[in-house]
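Here is the structure we will look at, set down as structure tokens.
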Amino acid sequence: MFKQTGAISMMNLRSLPQRAGMSLATVLSIALVVAVLLGFLAMADGFQKTVDGTGSEDVAVILRGGSQAELNSVLSADQFRVLETAPGVATDARGDPLISGELYIAVDGIKRDLGTEANLPMRGVGEQAPHLRGQFDLVAGRMFQPGTNEIIVGEAVLRAFVGFELGETIRIGSNEWQVVGLFSTGGTVFESEVWADIGVVQNLYQRGSALQSIRVRLTSADAISDLEAFAEADPRLNELDILNEREFFAGQSRTLNTIIRLVGWPLSIVMAIGAFAGAWNTMYSSVDARMREIATLRAIGFSGGAAAMGTLIEALILSALGGLLGAAAVYLLFNGASASTLGSGFTQVVFSFSVTGGSVMAGMIMAIIIGFLGGLVPAIRSASVPLLTVHRSD
Amino acid sequence: MNDLTLIRKNLFRKKLRAILLTLSILIAFLIFGVLGSFNRVLNAGVELAAADRLITMNNTGFTQSLPYAYWGRVQGVEGVRNASHMSWFGGYYQEPTQVVQAFAVDPETFLAAYPEFLIPDDQRQAFIDQRNCLLIGETLARQYDWSVGDRVPLLSNIWQKTDGTSSWDFEVCAIYAPSMEEMSTAAAYMQYDYYNEALSFNQDRVGMIVLNTVDPAVNDRVANEIDAMFENSPAQTDTSTEAAFSQAFINQIGNIGLILIYVVGAAFGIILLIVGTSLILAISERTKEIAVMKTLGFPAPRIFRMVLIESVMLSLVGGLAGIGLAALLLKGLATALAGTLPGLAVTGGIFGIALAMMIGFGIITGIAPALNAHRVRIVEALGKQ
């Protein structure tokens, strides 16, 4: 049986060039289905990777109670000063607390892909801010001088927005800024931001001494409870929300991720039905074209089961080829491609498409299922070819 | 027996093949119908935008506010018929997850700026007169089962009152209906004064200014004049048409148009491959028959035409079924999505494009087999085997 199946499969595959047109159509249509699925999954995975990778366990984000996002929060300079001496806050080598009061402003930038305005986050930060982001690295240039109109720009901003090249002067709203540095934070959300000195931002945007968020590095992840207890006991701080930075970001990718997947899956399943009809049609024609051949094989002793398996294997190989082709195309065209969307802070989050092993598997499984279902009925048909077909004249 | 009967019989002679091809065409047009409608509704803000409405906002970005005094100053610009203002409230009801899109507005000028809000006269007056009045849309009213006279507290995730809380108490005293199907009725509006008085910070600021001009033709001049007026002040402005403002907002989400083109393109690519190759095969199987027809005196152009009509018919059968299915599906989704994407349906415009695509698709897939049939030579075909 195995020998027979093998022989028939090889024969079918060798004769594929005779049915090149339809076979190629099947391969390509399955490739398109898989490409659509993988495109959506790569978008969802890429966004999730960027947002979920942001935030570390031992950094606490402090916001006004109930504000939910940095953009909505307001904190005072007094609160900042009290927190500087709070328990659980780590210090640097010189003994200064690792704390940064920050102001987050959505400003207009011009997106490269559409040429339209989109909200770009500008963050006014204290000098300790780089020490509060795990993988902060100044890739080019230098840090801004406090008190000046100098900015440093995240790598993702440079990818997605026009005019932020090192050394450029850029006009944002009524103010001009000088780009003096380019930074990376290992692919996290912070790379979508532009950083300037907190004092300058407060001044230019008439915020007085108000802050929006305060970040502190904790001595350990558990020290957050010490900080919470301290804030609870102080009337100046007890209205605050103190959040683990990792958790703060973890929730933010969920909605968009769900939406992308909710669109991507049904769409590719519906398209798969179309491709399935095509595969069935192709295999049906393939069996049709080989009627006499199959009847002859049956006449010389090959079993019906082997003929069926031969047809099914042909269908599976065509669909697997299609799946691989689709996956390869998406990987080559889209993997690492930069995209951006509106994140939770009403500003753009720049991320890269990411084709993961898991989604390639999902795509291949989908391709194989299309091939299997499309080949099933034609396979049964080829098992039941009447022997007399040998004598059919056409 | 006329040509059409023959074409019909030919089309369905291999039933399974005809059904499978119809199914794959159906799928492509289903996808086109559904995605096309979604795209139209997403862009409805651009289409619904009144030609004479301008939006003035802080040129730093739309989350930055403008001084209240700007509202008075723009009213004096020549060509401005009506000026109103709106401020984002960041509202929610009871739980932060129950978001209510709420705005603080100046009632009288707001209602003048947006004539598309259908409100009974007495309720319209109540919104103008009653300080704690909340004007809500039909969808929002349905969502929380609110009706006129209900007392509703709304919380803000941005603003705080001088008493330290973030909760404003309202009485629902007006409900608006849409005058166009695509118009959203999920928002709530409150009196600016009632909101502003209680603010502990950011008092006397407005989110953006909405203007109506006397004629769309003066839009550019008015916009330039306003932006020039505030050029040397701390809050510079950026004035654009409502359509441009809506478009910019959609673009923030991403290049949805491009994604849709990719997906619909892939769907049509699939059927083009499948149907195209199948039809070539189907006609080549019929070579002998065509030779017989030619022998009987059927002229080649007539055969060419018959094959082409056959492929267009196939495309129409599958395509119409697909669009029909899309219409049914959207009908089901429309009620569920009335709040976020109102007016979801296959419109005449989308149907027209689909119909043109069906005919075009039928011709593209039919042209090669039709040419083959046209070229069949009696001697060769009948001499085969």
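Residue numbering restarts at 1 for every chain of the structure tokens, chains are lettered A, B, ... in their displayed order, and ligands are numbered from 1 as they appear.
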Practice problem: Up to 7 Å from chain A, what residues of chain B turn up? Count only C-alpha atoms and give them as a ChimeraX atom specification. | Solution: /B:17,20-21,23-24,27,59-61,63,157-158,236,248,252-254,263,266-267,270,273-274,277-278
Quiz item: Please, which residues of range 63-203 of chain B, numbered as in this document, come out strand (DSSP E or B) from DSSP, as a ChimeraX atom specification?
Solution: /B:66-67,80-88,91-92,99-105,117-118,133-137,151-156,161,167-178,187-191,199
Exercise. Check the smallest atom-to-atom distance from each of B:Leu355, B:Ile363, B:Ala126, B:Met208 to Cys173 in chain B using only C-alpha atoms, then report the winner.
Key: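 For Cys173 in chain B, the nearest of the given residues is B:Ala126.
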Quiz prompt | Interatomic distance (Å, one decimal) between CA of Ser200 in chain B and CA of Ala86 in chain A | solution =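 Going from CA of Ser200 in chain B over to CA of Ala86 in chain A covers 27.3 Å.
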Practice problem: Would you kindly return, as number ranges by chain, each protein, DNA or RNA residue with an atom no farther than 10 Å from any atom of Ser147 in chain B, considering only C-alpha atoms and excluding same-chain residues fewer than 5 positions away? | Solution: B: 136, 138, 141-142, 171-175
Write out the residues from the selection above, keeping N, CA and C atoms, as a PDB file, in the first residue's frame.
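Heads up, here's the output in again-v1.pdb:
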ATOM      1  N   ILE B 136     -28.024  64.405  25.209  1.00  0.00           N
ATOM      2  CA  ILE B 136     -27.402  63.123  24.840  1.00  0.00           C
ATOM      3  C   ILE B 136     -27.970  62.603  23.530  1.00  0.00           C
ATOM      4  N   GLU B 138     -29.252  59.533  20.843  1.00  0.00           N
ATOM      5  CA  GLU B 138     -30.153  58.375  20.963  1.00  0.00           C
ATOM      6  C   GLU B 138     -29.411  57.086  21.335  1.00  0.00           C
ATOM      7  N   ALA B 141     -28.465  57.173  24.917  1.00  0.00           N
ATOM      8  CA  ALA B 141     -29.661  57.027  25.745  1.00  0.00           C
ATOM      9  C   ALA B 141     -30.054  55.552  25.831  1.00  0.00           C
ATOM     10  N   ARG B 142     -29.964  54.865  24.689  1.00  0.00           N
ATOM     11  CA  ARG B 142     -30.324  53.452  24.654  1.00  0.00           C
ATOM     12  C   ARG B 142     -29.324  52.621  25.467  1.00  0.00           C
ATOM     13  N   GLU B 171     -28.823  66.652  34.681  1.00  0.00           N
ATOM     14  CA  GLU B 171     -30.148  66.117  34.426  1.00  0.00           C
ATOM     15  C   GLU B 171     -30.282  65.986  32.914  1.00  0.00           C
ATOM     16  N   VAL B 172     -30.641  64.795  32.456  1.00  0.00           N
ATOM     17  CA  VAL B 172     -30.848  64.614  31.018  1.00  0.00           C
ATOM     18  C   VAL B 172     -32.088  65.421  30.655  1.00  0.00           C
ATOM     19  N   CYS B 173     -31.926  66.448  29.814  1.00  0.00           N
ATOM     20  CA  CYS B 173     -33.116  67.229  29.490  1.00  0.00           C
ATOM     21  C   CYS B 173     -33.308  67.368  27.993  1.00  0.00           C
ATOM     22  N   ALA B 174     -32.444  66.763  27.208  1.00  0.00           N
ATOM     23  CA  ALA B 174     -32.653  66.793  25.760  1.00  0.00           C
ATOM     24  C   ALA B 174     -31.982  65.579  25.128  1.00  0.00           C
ATOM     25  N   ILE B 175     -32.637  65.008  24.132  1.00  0.00           N
ATOM     26  CA  ILE B 175     -32.076  63.871  23.405  1.00  0.00           C
ATOM     27  C   ILE B 175     -32.107  64.199  21.919  1.00  0.00           C
TER      28      ILE B 175
END
Quiz prompt | Pick from B:Asn202, B:Ser87, B:Ser184, B:Asn82 nearest to Ala44 in chain B, counting only C-alpha atoms | solution =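 The answer is B:Ser184, which sits nearest to Ala44 in chain B.
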Neighbouring residues of Pro146 in chain A were defined as those with any atom within 10 Å, considering only C-alpha atoms; residues of the same chain fewer than 4 positions away were excluded. Please report them as a short mmCIF file (atom, residue, chain, number, x, y, z; two decimals) with C-alpha atoms, in the first residue's frame.
data_model
loop_
_atom_site.label_atom_id
_atom_site.label_comp_id
_atom_site.auth_asym_id
_atom_site.auth_seq_id
_atom_site.Cartn_x
_atom_site.Cartn_y
_atom_site.Cartn_z
CA VAL A 125 12.02 64.82 31.66
CA GLY A 126 14.36 65.24 34.59
CA GLU A 127 18.03 64.34 34.35
CA GLU A 150 17.46 71.11 22.78
CA ILE A 151 15.75 67.76 22.26
CA ALA A 196 13.28 67.75 26.31
CA ASP A 197 14.20 69.35 29.62
CA ILE A 198 11.24 69.39 32.01
CA GLY A 199 11.81 73.00 33.06
CA VAL A 200 11.79 74.23 29.47
#
Practice problem: Could you find all residues in range 152-363 of chain A that DSSP calls alpha helix (DSSP H) from the backbone, and write them as an MDAnalysis selection string? | Solution: chainID A and resid 155:160 198:204 224:233 245:250 254:289 291:299 304:334 357:363
Keeping C-alpha atoms for every residue in the selection just given, could you write it to a file as a short mmCIF file (atom, residue, chain, number, x, y, z; two decimals), in the first residue's frame?
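Everything below was put into out-v5.cif:
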data_model
loop_
_atom_site.label_atom_id
_atom_site.label_comp_id
_atom_site.auth_asym_id
_atom_site.auth_seq_id
_atom_site.Cartn_x
_atom_site.Cartn_y
_atom_site.Cartn_z
CA GLU A 155 14.76 56.10 16.92
CA ALA A 156 11.15 55.26 16.07
CA VAL A 157 10.27 58.95 15.79
CA LEU A 158 13.00 59.36 13.20
CA ARG A 159 11.59 56.39 11.25
CA ALA A 160 7.99 57.58 11.27
CA ILE A 198 11.24 69.39 32.01
CA GLY A 199 11.81 73.00 33.06
CA VAL A 200 11.79 74.23 29.47
CA VAL A 201 8.62 72.29 28.62
CA GLN A 202 6.83 73.56 31.74
CA ASN A 203 7.78 77.07 30.80
CA LEU A 204 6.90 76.94 27.09
CA ILE A 224 6.30 49.28 45.82
CA SER A 225 4.29 48.33 48.90
CA ASP A 226 6.57 50.48 51.10
CA LEU A 227 5.98 53.37 48.74
CA GLU A 228 2.24 52.78 48.79
CA ALA A 229 2.15 52.65 52.58
CA PHE A 230 4.16 55.88 52.74
CA ALA A 231 1.82 57.66 50.31
CA GLU A 232 -1.25 56.39 52.11
CA ALA A 233 -0.06 57.93 55.37
CA GLU A 245 5.25 50.27 35.22
CA ARG A 246 5.06 46.86 33.58
CA GLU A 247 1.41 46.47 34.49
CA PHE A 248 0.73 50.05 33.46
CA PHE A 249 1.76 49.23 29.89
CA ALA A 250 0.61 45.62 29.74
CA ARG A 254 -4.91 44.55 24.54
CA THR A 255 -7.71 46.46 22.80
CA LEU A 256 -5.94 47.14 19.54
CA ASN A 257 -4.50 43.66 19.52
CA THR A 258 -7.94 42.12 19.92
CA ILE A 259 -9.35 44.31 17.16
CA ILE A 260 -6.59 43.38 14.69
CA ARG A 261 -7.01 39.68 15.42
CA LEU A 262 -10.81 39.95 15.28
CA VAL A 263 -10.53 41.41 11.80
CA GLY A 264 -7.65 39.26 10.55
CA TRP A 265 -8.90 35.80 11.45
CA PRO A 266 -12.46 35.93 10.06
CA LEU A 267 -11.20 37.66 6.94
CA SER A 268 -8.60 35.03 6.19
CA ILE A 269 -11.00 32.20 7.03
CA VAL A 270 -13.54 33.57 4.56
CA MET A 271 -10.78 33.92 1.96
CA ALA A 272 -9.68 30.39 2.76
CA ILE A 273 -13.14 29.18 1.74
CA GLY A 274 -12.60 30.81 -1.64
CA ALA A 275 -9.19 29.19 -1.99
CA PHE A 276 -10.66 25.87 -0.86
CA ALA A 277 -13.17 26.02 -3.71
CA GLY A 278 -10.24 26.65 -6.03
CA ALA A 279 -8.20 23.75 -4.65
CA TRP A 280 -11.16 21.40 -4.95
CA ASN A 281 -11.71 22.50 -8.53
CA THR A 282 -8.04 22.00 -9.38
CA MET A 283 -7.87 18.52 -7.86
CA TYR A 284 -11.13 17.62 -9.52
CA SER A 285 -9.69 18.61 -12.88
CA SER A 286 -6.49 16.78 -12.06
CA VAL A 287 -8.40 13.57 -11.43
CA ASP A 288 -10.46 14.21 -14.56
CA ALA A 289 -7.35 14.53 -16.67
CA MET A 291 -9.03 9.15 -15.53
CA ARG A 292 -7.53 6.73 -17.99
CA GLU A 293 -4.23 6.62 -16.18
CA ILE A 294 -5.91 5.83 -12.87
CA ALA A 295 -8.12 3.18 -14.47
CA THR A 296 -5.05 1.62 -16.05
CA LEU A 297 -3.23 1.56 -12.71
CA ARG A 298 -6.27 -0.03 -11.09
CA ALA A 299 -6.38 -2.61 -13.90
CA GLY A 304 -8.27 2.33 -4.96
CA GLY A 305 -6.86 3.51 -1.62
CA ALA A 306 -3.47 4.15 -3.15
CA ALA A 307 -5.04 6.16 -5.98
CA ALA A 308 -6.95 8.24 -3.42
CA MET A 309 -3.86 8.83 -1.30
CA GLY A 310 -1.93 9.86 -4.39
CA THR A 311 -4.50 12.55 -5.15
CA LEU A 312 -4.66 13.72 -1.56
CA ILE A 313 -0.88 13.97 -1.29
CA GLU A 314 -0.78 16.01 -4.47
CA ALA A 315 -3.29 18.43 -2.95
CA LEU A 316 -1.38 18.62 0.33
CA ILE A 317 1.91 19.31 -1.41
CA LEU A 318 0.37 22.07 -3.53
CA SER A 319 -1.16 23.71 -0.46
CA ALA A 320 2.01 23.40 1.62
CA LEU A 321 3.92 25.06 -1.22
CA GLY A 322 1.33 27.83 -1.22
CA GLY A 323 1.62 28.28 2.53
CA LEU A 324 5.41 28.49 2.39
CA LEU A 325 5.27 30.93 -0.49
CA GLY A 326 2.78 33.15 1.35
CA ALA A 327 4.80 33.09 4.56
CA ALA A 328 8.04 33.82 2.72
CA ALA A 329 6.45 36.72 0.86
CA VAL A 330 5.11 38.33 4.04
CA TYR A 331 8.43 37.77 5.80
CA LEU A 332 10.42 39.38 3.01
CA LEU A 333 8.03 42.26 2.33
CA PHE A 334 6.74 43.14 5.79
CA GLY A 357 7.07 31.36 14.41
CA GLY A 358 3.66 30.87 15.98
CA SER A 359 1.83 32.78 13.29
CA VAL A 360 3.77 31.02 10.51
CA MET A 361 2.60 27.74 12.07
CA ALA A 362 -0.97 29.01 12.11
CA GLY A 363 -0.65 29.99 8.45
#
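By chain and then residue number, the residues within 7 Å of Gly336 in chain A are A:Ser352, A:Phe353, A:Ser354, counting only C-alpha atoms and disregarding those fewer than 4 positions away in sequence.
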